[in-house]
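Q: Input query_2.csv, format and content: CSV, C-alpha atoms and all ligand atoms.
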```csv
chain,number,residue,atom,x,y,z
A,125,MET,CA,-4.3,15.4,-6.9
A,126,ASN,CA,-2.4,12.2,-7.4
A,127,ILE,CA,-0.6,10.8,-4.3
A,128,ILE,CA,1.7,7.9,-3.8
A,129,LEU,CA,1.8,6.3,-0.4
A,130,LEU,CA,5.2,5.0,0.5
A,131,GLY,CA,6.1,3.0,3.6
A,132,ALA,CA,7.2,-0.4,4.8
A,133,PRO,CA,4.7,-3.2,5.1
A,134,GLY,CA,2.8,-2.5,8.3
A,135,ALA,CA,3.5,1.2,8.2
A,136,GLY,CA,-0.2,2.0,8.0
A,137,LYS,CA,-0.6,2.9,4.3
A,138,GLY,CA,-3.9,1.1,3.9
A,139,THR,CA,-5.3,2.5,7.2
A,140,GLN,CA,-4.4,6.1,6.2
A,141,ALA,CA,-5.5,5.6,2.7
A,142,SER,CA,-9.1,4.9,3.8
A,143,LYS,CA,-9.0,8.0,6.0
A,144,ILE,CA,-7.6,10.2,3.2
A,145,ALA,CA,-10.2,8.7,0.7
A,146,ALA,CA,-13.0,9.7,3.0
A,147,LYS,CA,-11.9,13.2,3.7
A,148,TYR,CA,-10.5,14.2,0.4
A,149,ASN,CA,-12.6,12.1,-1.9
A,150,LEU,CA,-9.6,10.5,-3.6
A,151,LEU,CA,-9.8,7.1,-5.1
A,152,HIS,CA,-7.7,4.4,-3.2
A,153,ILE,CA,-5.9,2.0,-5.5
A,154,SER,CA,-4.0,-0.8,-3.7
A,155,THR,CA,-2.1,-3.2,-5.9
A,156,GLY,CA,-2.1,-5.7,-3.0
A,157,ASP,CA,-5.9,-5.6,-2.9
A,158,ILE,CA,-6.1,-6.0,-6.6
A,159,PHE,CA,-3.8,-9.1,-6.4
A,160,ARG,CA,-5.8,-10.6,-3.5
A,161,ALA,CA,-9.1,-10.1,-5.4
A,162,ASN,CA,-7.5,-11.9,-8.4
A,163,ILE,CA,-6.4,-14.7,-6.2
A,164,LYS,CA,-9.8,-15.0,-4.7
A,165,ASN,CA,-11.5,-15.1,-8.1
A,166,GLY,CA,-9.0,-17.6,-9.5
A,167,THR,CA,-7.8,-15.5,-12.4
A,168,GLU,CA,-4.6,-16.1,-14.4
A,169,ILE,CA,-3.1,-13.0,-12.8
A,170,GLY,CA,-4.1,-14.3,-9.4
A,171,LYS,CA,-2.4,-17.7,-10.1
A,172,LEU,CA,0.8,-16.0,-11.1
A,173,ALA,CA,0.8,-13.5,-8.3
A,174,LYS,CA,0.1,-16.0,-5.5
A,175,SER,CA,3.5,-17.7,-5.6
A,176,TYR,CA,5.3,-14.3,-5.3
A,177,ILE,CA,3.1,-12.9,-2.6
A,178,ASP,CA,3.4,-16.1,-0.5
A,179,ALA,CA,7.2,-15.8,-0.8
A,180,GLY,CA,7.2,-12.1,0.2
A,181,LYS,CA,8.6,-11.2,-3.2
A,182,LEU,CA,7.4,-8.6,-5.8
A,183,VAL,CA,5.1,-9.7,-8.5
A,184,PRO,CA,6.9,-9.2,-11.9
A,185,ASP,CA,7.0,-5.6,-13.0
A,186,GLU,CA,5.4,-6.1,-16.4
A,187,VAL,CA,2.3,-7.6,-14.9
A,188,THR,CA,2.0,-5.0,-12.1
A,189,CYS,CA,2.7,-2.0,-14.2
A,190,LYS,CA,0.1,-3.0,-16.8
A,191,ILE,CA,-2.6,-3.5,-14.1
A,192,VAL,CA,-1.9,0.0,-12.7
A,193,GLU,CA,-1.7,1.6,-16.1
A,194,ASP,CA,-5.1,0.1,-17.0
A,195,ARG,CA,-6.7,1.0,-13.7
A,196,LEU,CA,-5.7,4.7,-14.0
A,197,THR,CA,-7.7,5.0,-17.3
A,198,TRP,CA,-11.0,4.2,-15.5
A,199,ASP,CA,-13.4,7.2,-15.1
A,200,ASP,CA,-13.3,7.1,-11.3
A,201,ALA,CA,-9.6,7.9,-11.4
A,202,LYS,CA,-10.1,11.2,-13.2
A,203,ASN,CA,-10.5,13.3,-10.0
A,204,GLY,CA,-7.3,12.1,-8.3
A,205,TYR,CA,-6.1,9.0,-6.6
A,206,MET,CA,-3.8,7.5,-4.0
A,207,LEU,CA,-1.6,4.7,-5.0
A,208,ASP,CA,-1.0,2.3,-2.2
A,209,GLY,CA,1.7,-0.3,-2.8
A,210,PHE,CA,2.8,1.0,-6.2
A,211,PRO,CA,5.5,1.9,-7.2
A,212,ARG,CA,7.6,-0.6,-5.2
A,213,ASN,CA,10.9,-0.3,-7.0
A,214,LEU,CA,12.7,2.1,-9.3
A,215,PHE,CA,11.6,0.5,-12.5
A,216,GLN,CA,7.9,0.8,-11.5
A,217,ALA,CA,8.5,4.5,-10.5
A,218,LYS,CA,10.0,5.3,-13.9
A,219,GLU,CA,7.2,3.5,-15.7
A,220,LEU,CA,4.6,5.4,-13.6
A,221,ASP,CA,6.1,8.7,-14.7
A,222,LYS,CA,5.4,7.7,-18.3
A,223,PHE,CA,1.7,7.2,-17.8
A,224,ALA,CA,0.7,9.3,-14.8
A,225,LYS,CA,1.4,12.6,-13.1
A,226,VAL,CA,2.5,12.3,-9.5
A,227,ASP,CA,1.9,15.3,-7.4
A,228,LEU,CA,3.1,14.1,-4.0
A,229,CYS,CA,4.7,11.1,-2.4
A,230,LEU,CA,3.7,10.6,1.3
A,231,ASN,CA,6.3,8.6,3.0
A,232,ILE,CA,5.1,7.1,6.3
A,233,ASN,CA,8.0,6.4,8.5
A,234,VAL,CA,7.7,3.8,11.3
A,235,ASP,CA,10.3,2.4,13.6
A,236,GLU,CA,11.3,-1.0,12.0
A,237,GLY,CA,11.1,-2.9,15.3
A,238,LEU,CA,7.3,-2.4,15.4
A,239,LEU,CA,6.5,-3.7,12.0
A,240,MET,CA,6.6,-7.4,12.7
A,241,ASP,CA,4.1,-7.2,15.6
A,242,ARG,CA,1.9,-4.8,13.7
A,243,ILE,CA,1.6,-7.1,10.7
A,244,CYS,CA,1.3,-10.4,12.6
A,245,GLY,CA,-1.4,-9.0,14.8
A,246,ARG,CA,-3.3,-7.6,11.9
A,247,ARG,CA,-6.8,-8.8,11.0
A,248,VAL,CA,-8.5,-7.6,7.8
A,249,CYS,CA,-11.9,-7.3,6.3
A,250,ALA,CA,-12.8,-7.9,2.6
A,251,CYS,CA,-14.0,-4.3,2.5
A,252,GLY,CA,-10.4,-3.1,2.9
A,253,GLU,CA,-10.5,-2.1,6.6
A,254,SER,CA,-7.8,-3.5,8.9
A,255,TYR,CA,-7.5,-3.8,12.6
A,256,HIS,CA,-5.0,-5.0,15.2
A,257,ILE,CA,-5.8,-7.7,17.8
A,258,THR,CA,-4.8,-5.4,20.6
A,259,THR,CA,-7.6,-3.0,19.9
A,260,LEU,CA,-10.3,-5.5,18.7
A,261,ASN,CA,-11.1,-6.6,22.3
A,262,GLY,CA,-12.0,-10.0,20.9
A,263,ALA,CA,-14.3,-8.8,18.1
A,264,THR,CA,-14.3,-10.9,15.0
A,265,THR,CA,-16.3,-8.7,12.7
A,266,CYS,CA,-15.6,-5.5,10.9
A,267,ALA,CA,-16.8,-2.3,12.7
A,268,LYS,CA,-17.4,-0.6,9.4
A,269,CYS,CA,-19.3,-3.3,7.4
A,270,GLY,CA,-20.0,-6.2,9.7
A,271,GLY,CA,-17.9,-8.6,7.5
A,272,GLU,CA,-15.9,-11.5,9.1
A,273,LEU,CA,-12.3,-10.6,9.9
A,274,TYR,CA,-9.5,-12.8,8.8
A,275,GLN,CA,-5.7,-13.0,8.8
A,276,ARG,CA,-3.9,-12.5,5.5
A,277,ALA,CA,-2.0,-15.6,4.3
A,278,ASP,CA,1.2,-13.5,3.9
A,279,ASP,CA,0.9,-12.0,7.5
A,280,ASN,CA,3.1,-14.7,9.0
A,281,PRO,CA,6.6,-14.1,10.5
A,282,GLU,CA,8.5,-16.0,7.8
A,283,THR,CA,6.9,-14.1,4.9
A,284,VAL,CA,7.0,-10.8,6.8
A,285,LYS,CA,10.8,-11.1,7.1
A,286,SER,CA,11.0,-11.5,3.4
A,287,ARG,CA,8.6,-8.6,2.7
A,288,LEU,CA,10.7,-6.3,5.0
A,289,ASP,CA,13.8,-7.3,3.2
A,290,THR,CA,12.2,-6.6,-0.2
A,291,TYR,CA,11.1,-3.2,1.1
A,292,ASN,CA,14.6,-2.3,2.3
A,293,THR,CA,16.4,-3.3,-0.8
A,294,GLN,CA,13.9,-2.4,-3.5
A,295,THR,CA,11.3,0.1,-2.2
A,296,ALA,CA,13.2,2.3,0.2
A,297,PRO,CA,15.4,3.8,-2.6
A,298,LEU,CA,12.2,5.5,-3.9
A,299,ILE,CA,12.4,7.9,-1.0
A,300,ASP,CA,15.4,9.4,-2.6
A,301,TYR,CA,13.8,9.3,-6.1
A,302,TYR,CA,10.9,11.4,-5.0
A,303,GLN,CA,13.0,13.6,-2.8
A,304,LYS,CA,15.1,14.6,-5.8
A,305,GLN,CA,11.9,15.4,-7.7
A,306,GLY,CA,10.9,17.7,-4.8
A,307,LYS,CA,7.7,15.6,-4.3
A,308,LEU,CA,8.5,13.9,-1.0
A,309,ALA,CA,6.7,14.7,2.3
A,310,THR,CA,7.5,12.5,5.2
A,311,VAL,CA,5.2,11.6,8.1
A,312,THR,CA,7.9,11.3,10.7
A,313,SER,CA,6.0,9.6,13.6
A,314,GLY,CA,4.1,6.8,12.0
A,315,GLU,CA,4.2,5.0,15.3
A,316,GLY,CA,1.3,7.1,16.6
A,317,SER,CA,-2.3,6.1,16.6
A,318,PRO,CA,-4.1,6.1,13.3
A,319,ASP,CA,-5.8,9.4,14.2
A,320,GLU,CA,-2.5,11.0,15.2
A,321,VAL,CA,-0.8,9.9,12.0
A,322,PHE,CA,-3.8,11.2,10.0
A,323,ALA,CA,-3.6,14.6,11.7
A,324,GLN,CA,0.0,14.9,10.4
A,325,ILE,CA,-1.1,14.0,6.9
A,326,VAL,CA,-3.9,16.6,7.0
A,327,LYS,CA,-1.3,19.2,7.9
A,328,ILE,CA,0.9,18.2,5.0
A,329,LEU,CA,-2.0,18.2,2.6
A,330,LYS,CA,-3.0,21.8,3.6
B,401,LIG,P1,2.1,-4.8,2.5
B,401,LIG,O1,2.3,-3.3,2.1
B,401,LIG,O2,1.5,-4.9,3.8
B,401,LIG,O3,3.3,-5.6,2.3
B,401,LIG,P2,0.4,-5.2,0.1
B,401,LIG,O4,-1.0,-5.6,0.2
B,401,LIG,O5,0.7,-3.8,-0.4
B,401,LIG,O6,1.0,-5.4,1.5
B,401,LIG,O7,1.1,-6.2,-0.9
B,401,LIG,C1,1.1,-7.6,-0.7
B,401,LIG,C2,2.0,-8.3,-1.7
B,401,LIG,O8,1.5,-8.1,-3.1
B,401,LIG,C3,3.4,-7.8,-1.8
B,401,LIG,O9,4.2,-8.5,-0.8
B,401,LIG,C4,3.8,-8.2,-3.2
B,401,LIG,O10,4.0,-9.6,-3.3
B,401,LIG,C5,2.5,-7.9,-4.0
B,401,LIG,N1,2.5,-6.6,-4.5
B,401,LIG,C6,1.8,-5.5,-4.1
B,401,LIG,N2,2.1,-4.4,-4.8
B,401,LIG,C7,3.1,-4.8,-5.7
B,401,LIG,C8,3.9,-4.1,-6.7
B,401,LIG,N3,3.7,-2.7,-6.9
B,401,LIG,N4,4.8,-4.7,-7.4
B,401,LIG,C9,5.0,-6.0,-7.1
B,401,LIG,N5,4.3,-6.8,-6.2
B,401,LIG,C10,3.4,-6.1,-5.5
B,402,ZN,ZN,-15.4,-4.4,6.5
```
Could you render the structure from this file as structure tokens?
Ligand code: ADP
Ligand code: ZN
A:
Amino acid sequence: MNIILLGAPGAGKGTQASKIAAKYNLLHISTGDIFRANIKNGTEIGKLAKSYIDAGKLVPDEVTCKIVEDRLTWDDAKNGYMLDGFPRNLFQAKELDKFAKVDLCLNINVDEGLLMDRICGRRVCACGESYHITTLNGATTCAKCGGELYQRADDNPETVKSRLDTYNTQTAPLIDYYQKQGKLATVTSGEGSPDEVFAQIVKILK
């Protein structure tokens, strides 16, 4: 099964993706993680992506689509995957339909007023786990792997404003796109705890 995770920045896509990956043995592909790894390794793609990411804008479609198309040809994607952060606009969705078969689009809906605080309080680990300062109780390392937690460079109020705007204008129309294809399933109360939201997702996937 191939799933798309849709939702605003801070909606909990990454958190739910790691839970879904563990229970259903689906590969988690995050375009944001791919870009951050490229930035860390100083690749050409990383250099190009950084300016867009820092501004809260989308990395150009040609670059992003090519990365995803390539990634889906790897052997580990054969048994199904979750796309987290792709597609992010209609052009990408239409491109995806040319090189992949989408079974389901899981749309995680969260009250917009909560997103800024969720993102600015987020601490992440290089292994892909993320946490919120309110539940860390002062911990500075990852409960899963022991790695040092840090704050993403784009998790600051200024950039978040721009990311939310990008989401509303470019990504939100995808809800309609997948609804029309009969592939949309909405997680209505994404405001709940990670476990509560995951319970809703499990129900949908049954
Ligand atoms: P979030 O969902 O919290 O905003 P991501 O890690 O998914 O964070 O993405 C971080 C940034 O990476 C985005 O703001 C954007 O600049 C870039 N990016 C990720 N996915 C895409 C995509 N599909 N198309 C264009 N840019 C992308
Ligand atoms: Zn970790």
Q: Name each residue within 7 Å of ligand ZN 402 (chain B), counting all atoms listed in the file, as JSON, numbers by chain.
A: {"A": [249, 250, 251, 252, 253, 266, 267, 268, 269, 270, 271]}
Q: For Ala179 in chain A, please output as a list in words all residues within 10 Å (counting all atoms listed in the file; exclusion window: fewer than 6 positions along the same chain).
A: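 Here the answer would be Asp278, Glu282, Thr283, Val284, Lys285, Ser286 and Arg287 of chain A.
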Q: Would you mind listing the residues within 7 Å of ligand LIG 401 (chain B), counting only C-alpha atoms and all ligand atoms, as a list in words?
A: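 Checked against 7 Å with only C-alpha atoms and all ligand atoms; the hits are Ala132, Pro133, Gly134, Ser154, Thr155, Gly156, Asp157, Phe159, Tyr176, Ile177, Gly180, Lys181, Leu182, Val183, Pro184, Asp185, Thr188, Asp208, Gly209, Phe210, Pro211, Arg212 and Arg287 of chain A.
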Q: To one decimal place, how far is CA of Leu230 in chain A from CA of Tyr255 in chain A in Å?
A: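 So the two atoms, CA of Leu230 in chain A and CA of Tyr255 in chain A, lie 21.5 Å apart.
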Q: Skip Thr265 in chain A itself and residues of its chain fewer than 6 positions away, then list as JSON, numbers by chain all residues within 10 Å of it, counting only C-alpha atoms.
A: {"A": [247, 248, 249, 271, 272, 273, 274]}
Q: Between CA of Cys244 in chain A and CA of Ala217 in chain A, what is the distance, to one decimal in Å?
A: 28.4 Å
Q: What does the distance from CA of Gly131 in chain A to CA of Arg160 in chain A come to in Å, to one decimal?
A: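 It comes out at 19.4 Å.
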Q: Find, counting all atoms listed in the file, the residue in A:Lys218, A:Lys225, A:Arg242, A:Lys327 that gets nearest to Thr258 in chain A.
A: A:Arg242
Q: Near range 309-315 of chain A, counting all atoms listed in the file, which residues have an atom at most 6 Å away, once you skip same-chain residues fewer than 3 positions from it, shown as a PDB file with C-alpha atoms, keeping the file's coordinate frame?
A:
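part-v7.pdb was written with the following content:
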```
ATOM      1  CA  LEU A 230       3.700  10.600   1.300  1.00  0.00           C
ATOM      2  CA  ASN A 231       6.300   8.600   3.000  1.00  0.00           C
ATOM      3  CA  ILE A 232       5.100   7.100   6.300  1.00  0.00           C
ATOM      4  CA  ASN A 233       8.000   6.400   8.500  1.00  0.00           C
ATOM      5  CA  VAL A 234       7.700   3.800  11.300  1.00  0.00           C
ATOM      6  CA  VAL A 321      -0.800   9.900  12.000  1.00  0.00           C
TER       7      VAL A 321
END
```
Q: Looking at A:Glu168, A:Glu219, A:Tyr205, A:Met125, which one is nearest to Ser142 in chain A, with distances taken over all atoms listed in the file?
A: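 So, comparing all the options, the nearest one is A:Tyr205.
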Q: Neighbourhood query: residues within 10 Å of (4.2, 2.8, -21.1), file coordinates, counting only C-alpha atoms; return as a PyMOL selection string.
A: chain A and resi 189-190+193+218-224
Q: Rank A:Val326, A:Ala277, A:Gln216, A:Gly306 by their smallest atom-to-atom distance to Lys164 in chain A, using only C-alpha atoms, and report the top residue only.
A: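 Smallest separation from Lys164 in chain A among the options: A:Ala277.
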Q: From the options A:Gln140, A:Asn280, A:Asn213, A:Asn261, which residue's atoms come nearest to Asp241 in chain A, counting only C-alpha atoms?
A: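 Nearest candidate to Asp241 in chain A out of A:Gln140, A:Asn280, A:Asn213, A:Asn261: A:Asn280.
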